[in-house]
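As stored in model_23.tsv (TSV, N, CA, C and O atoms):
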```tsv
chain	number	residue	atom	x	y	z
M	614	MET	N	-214.59	-27.46	-149.16
M	614	MET	CA	-215.13	-28.64	-148.52
M	614	MET	C	-215.88	-29.47	-149.55
M	614	MET	O	-216.67	-28.93	-150.32
M	615	ASP	N	-215.63	-30.76	-149.53
M	615	ASP	CA	-216.33	-31.66	-150.44
M	615	ASP	C	-217.82	-31.69	-150.14
M	615	ASP	O	-218.22	-31.64	-148.97
M	616	PRO	N	-218.64	-31.78	-151.16
M	616	PRO	CA	-220.08	-31.89	-150.91
M	616	PRO	C	-220.43	-33.14	-150.09
M	616	PRO	O	-221.36	-33.10	-149.29
M	617	GLU	N	-219.69	-34.22	-150.28
M	617	GLU	CA	-219.97	-35.45	-149.52
M	617	GLU	C	-219.72	-35.25	-148.03
M	617	GLU	O	-220.49	-35.71	-147.20
M	618	VAL	N	-218.63	-34.55	-147.70
M	618	VAL	CA	-218.32	-34.29	-146.29
M	618	VAL	C	-219.36	-33.35	-145.69
M	618	VAL	O	-219.84	-33.57	-144.57
M	619	PHE	N	-219.74	-32.32	-146.45
M	619	PHE	CA	-220.76	-31.39	-145.99
M	619	PHE	C	-222.08	-32.10	-145.75
M	619	PHE	O	-222.74	-31.88	-144.73
M	620	GLU	N	-222.48	-32.96	-146.68
M	620	GLU	CA	-223.73	-33.70	-146.53
M	620	GLU	C	-223.69	-34.61	-145.32
M	620	GLU	O	-224.68	-34.74	-144.60
M	621	LYS	N	-222.55	-35.24	-145.09
M	621	LYS	CA	-222.41	-36.12	-143.93
M	621	LYS	C	-222.59	-35.34	-142.63
M	621	LYS	O	-223.34	-35.76	-141.74
M	622	TRP	N	-221.92	-34.20	-142.52
M	622	TRP	CA	-222.01	-33.40	-141.30
M	622	TRP	C	-223.39	-32.79	-141.10
M	622	TRP	O	-223.89	-32.74	-139.99
M	623	MET	N	-223.99	-32.34	-142.20
M	623	MET	CA	-225.34	-31.78	-142.08
M	623	MET	C	-226.35	-32.85	-141.71
M	623	MET	O	-227.28	-32.59	-140.96
M	624	MET	N	-226.16	-34.06	-142.20
M	624	MET	CA	-227.05	-35.16	-141.83
M	624	MET	C	-226.95	-35.42	-140.33
M	624	MET	O	-227.96	-35.55	-139.65
M	625	ILE	N	-225.72	-35.45	-139.81
M	625	ILE	CA	-225.53	-35.68	-138.38
M	625	ILE	C	-226.14	-34.55	-137.56
M	625	ILE	O	-226.88	-34.78	-136.60
M	626	VAL	N	-225.85	-33.31	-137.93
M	626	VAL	CA	-226.30	-32.16	-137.16
M	626	VAL	C	-227.82	-31.99	-137.25
M	626	VAL	O	-228.50	-31.85	-136.22
M	627	LEU	N	-228.37	-32.03	-138.44
M	627	LEU	CA	-229.79	-31.77	-138.61
M	627	LEU	C	-230.66	-32.91	-138.09
M	627	LEU	O	-231.69	-32.67	-137.45
M	628	VAL	N	-230.26	-34.14	-138.33
M	628	VAL	CA	-231.03	-35.26	-137.80
M	628	VAL	C	-230.89	-35.32	-136.28
M	628	VAL	O	-231.86	-35.61	-135.58
M	629	GLY	N	-229.71	-35.00	-135.77
M	629	GLY	CA	-229.53	-34.92	-134.32
M	629	GLY	C	-230.43	-33.86	-133.70
M	629	GLY	O	-231.04	-34.07	-132.65
M	630	GLY	N	-230.53	-32.72	-134.38
M	630	GLY	CA	-231.43	-31.66	-133.91
M	630	GLY	C	-232.89	-32.10	-133.97
M	630	GLY	O	-233.67	-31.80	-133.06
M	631	LEU	N	-233.25	-32.81	-135.01
M	631	LEU	CA	-234.62	-33.31	-135.14
M	631	LEU	C	-234.93	-34.31	-134.03
M	631	LEU	O	-236.01	-34.27	-133.44
M	632	VAL	N	-233.99	-35.19	-133.73
M	632	VAL	CA	-234.19	-36.17	-132.66
M	632	VAL	C	-234.35	-35.46	-131.32
M	632	VAL	O	-235.23	-35.80	-130.53
M	633	ALA	N	-233.51	-34.48	-131.06
M	633	ALA	CA	-233.61	-33.72	-129.81
M	633	ALA	C	-234.94	-32.99	-129.72
M	633	ALA	O	-235.59	-32.96	-128.67
M	634	PHE	N	-235.39	-32.41	-130.84
M	634	PHE	CA	-236.67	-31.70	-130.85
M	634	PHE	C	-237.83	-32.66	-130.63
M	634	PHE	O	-238.78	-32.35	-129.90
M	635	MET	N	-237.76	-33.84	-131.21
M	635	MET	CA	-238.83	-34.82	-131.02
M	635	MET	C	-238.85	-35.33	-129.58
M	635	MET	O	-239.93	-35.57	-129.03
M	636	ALA	N	-237.68	-35.47	-128.96
M	636	ALA	CA	-237.63	-35.86	-127.54
M	636	ALA	C	-238.26	-34.77	-126.69
M	636	ALA	O	-239.00	-35.06	-125.74
M	637	PHE	N	-238.01	-33.51	-127.03
M	637	PHE	CA	-238.65	-32.40	-126.30
M	637	PHE	C	-240.16	-32.43	-126.48
M	637	PHE	O	-240.91	-32.20	-125.52
M	638	ILE	N	-240.63	-32.73	-127.68
M	638	ILE	CA	-242.07	-32.79	-127.94
M	638	ILE	C	-242.71	-33.90	-127.10
M	638	ILE	O	-243.77	-33.71	-126.50
M	639	ILE	N	-242.06	-35.06	-127.03
M	639	ILE	CA	-242.60	-36.17	-126.24
M	639	ILE	C	-242.63	-35.79	-124.77
M	639	ILE	O	-243.61	-36.04	-124.06
M	640	TRP	N	-241.55	-35.17	-124.29
M	640	TRP	CA	-241.50	-34.75	-122.89
M	640	TRP	C	-242.58	-33.71	-122.59
M	640	TRP	O	-243.27	-33.78	-121.57
M	641	ASP	N	-242.76	-32.75	-123.49
M	641	ASP	CA	-243.78	-31.72	-123.30
M	641	ASP	C	-245.18	-32.33	-123.32
M	641	ASP	O	-246.04	-31.92	-122.55
M	642	LEU	N	-245.40	-33.28	-124.21
M	642	LEU	CA	-246.68	-33.96	-124.26
M	642	LEU	C	-246.97	-34.69	-122.95
M	642	LEU	O	-248.09	-34.62	-122.42
M	643	ALA	N	-245.97	-35.36	-122.41
M	643	ALA	CA	-246.14	-36.06	-121.14
M	643	ALA	C	-246.41	-35.07	-120.00
M	643	ALA	O	-247.24	-35.32	-119.12
M	644	LYS	N	-245.72	-33.94	-120.02
M	644	LYS	CA	-245.89	-32.94	-118.97
M	644	LYS	C	-247.27	-32.31	-119.02
M	644	LYS	O	-247.95	-32.17	-118.00
M	645	LYS	N	-247.72	-31.94	-120.23
M	645	LYS	CA	-249.03	-31.28	-120.35
M	645	LYS	C	-250.18	-32.23	-120.07
M	645	LYS	O	-251.24	-31.79	-119.61
M	646	SER	N	-250.00	-33.52	-120.34
M	646	SER	CA	-251.07	-34.48	-120.08
M	646	SER	C	-251.01	-35.04	-118.67
M	646	SER	O	-251.85	-35.86	-118.31
M	647	LYS	N	-250.02	-34.59	-117.88
M	647	LYS	CA	-249.84	-35.06	-116.50
M	647	LYS	C	-249.80	-36.58	-116.46
M	647	LYS	O	-250.50	-37.23	-115.69
M	648	ALA	N	-248.93	-37.15	-117.28
M	648	ALA	CA	-248.87	-38.60	-117.45
M	648	ALA	C	-248.22	-39.32	-116.29
M	648	ALA	O	-248.46	-40.50	-116.11
M	649	GLY	N	-247.42	-38.67	-115.50
M	649	GLY	CA	-246.72	-39.35	-114.41
M	649	GLY	C	-245.50	-40.09	-114.93
M	649	GLY	O	-245.17	-40.03	-116.12
M	650	ARG	N	-244.83	-40.79	-114.05
M	650	ARG	CA	-243.58	-41.46	-114.44
M	650	ARG	C	-243.83	-42.61	-115.41
M	650	ARG	O	-243.15	-42.73	-116.42
M	651	LEU	N	-244.81	-43.45	-115.09
M	651	LEU	CA	-245.08	-44.60	-115.95
M	651	LEU	C	-245.60	-44.14	-117.31
M	651	LEU	O	-245.18	-44.65	-118.35
M	652	GLY	N	-246.50	-43.19	-117.31
M	652	GLY	CA	-247.03	-42.67	-118.58
M	652	GLY	C	-245.95	-42.02	-119.42
M	652	GLY	O	-245.93	-42.20	-120.65
M	653	THR	N	-245.06	-41.29	-118.79
M	653	THR	CA	-243.95	-40.68	-119.52
M	653	THR	C	-243.04	-41.74	-120.10
M	653	THR	O	-242.61	-41.64	-121.25
M	654	ALA	N	-242.76	-42.77	-119.32
M	654	ALA	CA	-241.92	-43.86	-119.81
M	654	ALA	C	-242.57	-44.56	-121.00
M	654	ALA	O	-241.90	-44.88	-121.99
M	655	ILE	N	-243.87	-44.79	-120.93
M	655	ILE	CA	-244.58	-45.43	-122.03
M	655	ILE	C	-244.59	-44.54	-123.27
M	655	ILE	O	-244.41	-45.02	-124.39
M	656	LEU	N	-244.78	-43.24	-123.08
M	656	LEU	CA	-244.72	-42.31	-124.22
M	656	LEU	C	-243.35	-42.33	-124.88
M	656	LEU	O	-243.24	-42.41	-126.11
M	657	PHE	N	-242.30	-42.27	-124.06
M	657	PHE	CA	-240.96	-42.29	-124.64
M	657	PHE	C	-240.66	-43.63	-125.31
M	657	PHE	O	-240.02	-43.67	-126.35
M	658	LEU	N	-241.14	-44.71	-124.71
M	658	LEU	CA	-240.92	-46.03	-125.31
M	658	LEU	C	-241.68	-46.15	-126.62
M	658	LEU	O	-241.12	-46.54	-127.64
M	659	GLY	N	-242.94	-45.81	-126.61
M	659	GLY	CA	-243.76	-45.97	-127.80
M	659	GLY	C	-243.41	-45.01	-128.92
M	659	GLY	O	-243.24	-45.40	-130.08
M	660	LEU	N	-243.26	-43.74	-128.58
M	660	LEU	CA	-242.99	-42.74	-129.61
M	660	LEU	C	-241.51	-42.62	-129.94
M	660	LEU	O	-241.13	-42.23	-131.03
M	661	GLY	N	-240.66	-42.97	-128.98
M	661	GLY	CA	-239.23	-42.85	-129.20
M	661	GLY	C	-238.58	-44.08	-129.80
M	661	GLY	O	-237.41	-44.06	-130.15
M	662	LEU	N	-239.34	-45.16	-129.94
M	662	LEU	CA	-238.77	-46.39	-130.46
M	662	LEU	C	-238.33	-46.23	-131.91
M	662	LEU	O	-237.29	-46.75	-132.31
M	663	CYS	N	-239.09	-45.51	-132.69
M	663	CYS	CA	-238.69	-45.30	-134.09
M	663	CYS	C	-237.42	-44.45	-134.17
M	663	CYS	O	-236.58	-44.68	-135.04
M	664	LEU	N	-237.25	-43.51	-133.26
M	664	LEU	CA	-236.02	-42.73	-133.23
M	664	LEU	C	-234.83	-43.62	-132.88
M	664	LEU	O	-233.76	-43.50	-133.47
M	665	PHE	N	-235.04	-44.51	-131.93
M	665	PHE	CA	-233.97	-45.44	-131.55
M	665	PHE	C	-233.59	-46.32	-132.73
M	665	PHE	O	-232.41	-46.54	-132.99
M	666	ALA	N	-234.58	-46.81	-133.46
M	666	ALA	CA	-234.31	-47.67	-134.62
M	666	ALA	C	-233.55	-46.89	-135.69
M	666	ALA	O	-232.63	-47.41	-136.32
M	667	PHE	N	-233.94	-45.64	-135.90
M	667	PHE	CA	-233.26	-44.81	-136.90
M	667	PHE	C	-231.80	-44.59	-136.52
M	667	PHE	O	-230.92	-44.59	-137.39
M	668	LEU	N	-231.53	-44.41	-135.24
M	668	LEU	CA	-230.16	-44.18	-134.79
M	668	LEU	C	-229.37	-45.49	-134.70
M	668	LEU	O	-228.15	-45.49	-134.87
M	669	ALA	N	-230.05	-46.60	-134.43
M	669	ALA	CA	-229.35	-47.87	-134.28
M	669	ALA	C	-228.94	-48.47	-135.62
M	669	ALA	O	-227.97	-49.22	-135.69
M	670	LYS	N	-229.67	-48.14	-136.68
M	670	LYS	CA	-229.40	-48.75	-137.99
M	670	LYS	C	-227.97	-48.50	-138.47
M	670	LYS	O	-227.29	-49.44	-138.86
M	671	PRO	N	-227.45	-47.28	-138.48
M	671	PRO	CA	-226.06	-47.10	-138.93
M	671	PRO	C	-225.03	-47.76	-138.01
M	671	PRO	O	-224.00	-48.25	-138.47
M	672	ILE	N	-225.33	-47.79	-136.72
M	672	ILE	CA	-224.40	-48.41	-135.78
M	672	ILE	C	-224.33	-49.91	-136.03
M	672	ILE	O	-223.24	-50.50	-136.08
M	673	ILE	N	-225.48	-50.55	-136.20
M	673	ILE	CA	-225.51	-51.98	-136.47
M	673	ILE	C	-224.84	-52.28	-137.81
M	673	ILE	O	-224.08	-53.24	-137.95
M	674	GLY	N	-225.09	-51.44	-138.82
M	674	GLY	CA	-224.44	-51.62	-140.12
M	674	GLY	C	-222.94	-51.51	-140.02
M	674	GLY	O	-222.21	-52.29	-140.65
M	675	TYR	N	-222.45	-50.57	-139.25
M	675	TYR	CA	-221.00	-50.42	-139.06
M	675	TYR	C	-220.41	-51.66	-138.38
M	675	TYR	O	-219.34	-52.14	-138.77
M	676	ILE	N	-221.09	-52.15	-137.36
M	676	ILE	CA	-220.59	-53.33	-136.65
M	676	ILE	C	-220.54	-54.54	-137.58
M	676	ILE	O	-219.55	-55.28	-137.60
M	677	VAL	N	-221.59	-54.73	-138.38
M	677	VAL	CA	-221.62	-55.87	-139.31
M	677	VAL	C	-220.50	-55.73	-140.34
M	677	VAL	O	-219.81	-56.70	-140.66
M	678	GLU	N	-220.30	-54.52	-140.88
M	678	GLU	CA	-219.24	-54.31	-141.86
M	678	GLU	C	-217.86	-54.55	-141.25
M	678	GLU	O	-216.97	-55.09	-141.90
M	679	THR	N	-217.68	-54.14	-140.01
M	679	THR	CA	-216.40	-54.30	-139.34
M	679	THR	C	-216.11	-55.78	-139.06
M	679	THR	O	-214.99	-56.25	-139.29
M	680	VAL	N	-217.10	-56.48	-138.60
M	680	VAL	CA	-216.91	-57.89	-138.26
M	680	VAL	C	-216.64	-58.72	-139.52
M	680	VAL	O	-215.79	-59.60	-139.53
M	681	ARG	N	-217.31	-58.42	-140.61
M	681	ARG	CA	-217.15	-59.19	-141.85
M	681	ARG	C	-216.08	-58.63	-142.77
M	681	ARG	O	-215.93	-59.10	-143.90
M	682	ASP	N	-215.37	-57.60	-142.35
M	682	ASP	CA	-214.30	-56.96	-143.14
M	682	ASP	C	-214.79	-56.49	-144.51
M	682	ASP	O	-214.15	-56.70	-145.53
M	683	ILE	N	-215.95	-55.86	-144.53
M	683	ILE	CA	-216.51	-55.33	-145.76
M	683	ILE	C	-215.94	-53.92	-145.94
M	683	ILE	O	-216.04	-53.09	-145.03
M	684	PRO	N	-215.36	-53.60	-147.10
M	684	PRO	CA	-214.82	-52.24	-147.29
M	684	PRO	C	-215.94	-51.22	-147.35
M	684	PRO	O	-217.03	-51.50	-147.83
M	685	HIS	N	-215.66	-50.02	-146.88
M	685	HIS	CA	-216.66	-48.94	-146.85
M	685	HIS	C	-216.84	-48.34	-148.21
M	685	HIS	O	-216.09	-47.98	-148.94
```
Could the structure of this file be written out as structure tokens, please?
Amino acid sequence: MDPEVFEKWMMIVLVGGLVAFMAFIIWDLAKKSKAGRLGTAILFLGLGLCLFAFLAKPIIGYIVETVRDIPH
């Protein structure tokens, strides 16, 4: 297996695991603090926004490259 392919898959798997773990931490924080629905939503919005940006960046880059016919 090429190191580039391995790095790509490990990036997807490990960062995906990190994102899932961080979502669990936010959920657990909301549960232990008895935040309620609105508080939980605010926690996920505030703390999860950086995760969304991290995941959205490659998707937006792919769309821009595809639309402008930029080679990979």
At a cut-off of 7 Å, using all atoms listed in the file, what residues contact Ala643 (chain M)? Leave out same-chain residues fewer than 6 positions from it and give the result as a list in words.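 The residues satisfying every condition are Phe637, Gly649, Gly652 and Thr653 of chain M.
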At what distance in Å, to one decimal, does CA of Ile672 (chain M) lie from CA of Ala636 (chain M)?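 Pair CA of Ala636 (chain M) / CA of Ile672 (chain M) returns 20.0 Å.
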Between atom N of Val677 (chain M) and CA of Ala633 (chain M), distance in Å (one decimal):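 Straight-line distance from atom N of Val677 (chain M) to CA of Ala633 (chain M) works out to 25.7 Å.
Across the model, the gap from CA of Ile638 (chain M) to CA of Leu651 (chain M) is 17.1 Å.
Using only C-alpha atoms, the nearest neighbour of Met635 (chain M) within the list M:Ile676, M:Ala648, M:Ala669, M:Leu656 is M:Leu656.
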Phe667 (chain M) surroundings by only C-alpha atoms, 10 Å radius, close-in-sequence under 6 positions cut, as an MDAnalysis selection string: chainID M and resid 628 632 661
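Comparing the minimum interatomic distances between Gly629 (chain M) and each of M:Ile673, M:Met614, M:Val680, M:Leu668, counting only C-alpha atoms, we find that M:Leu668 sits nearest.
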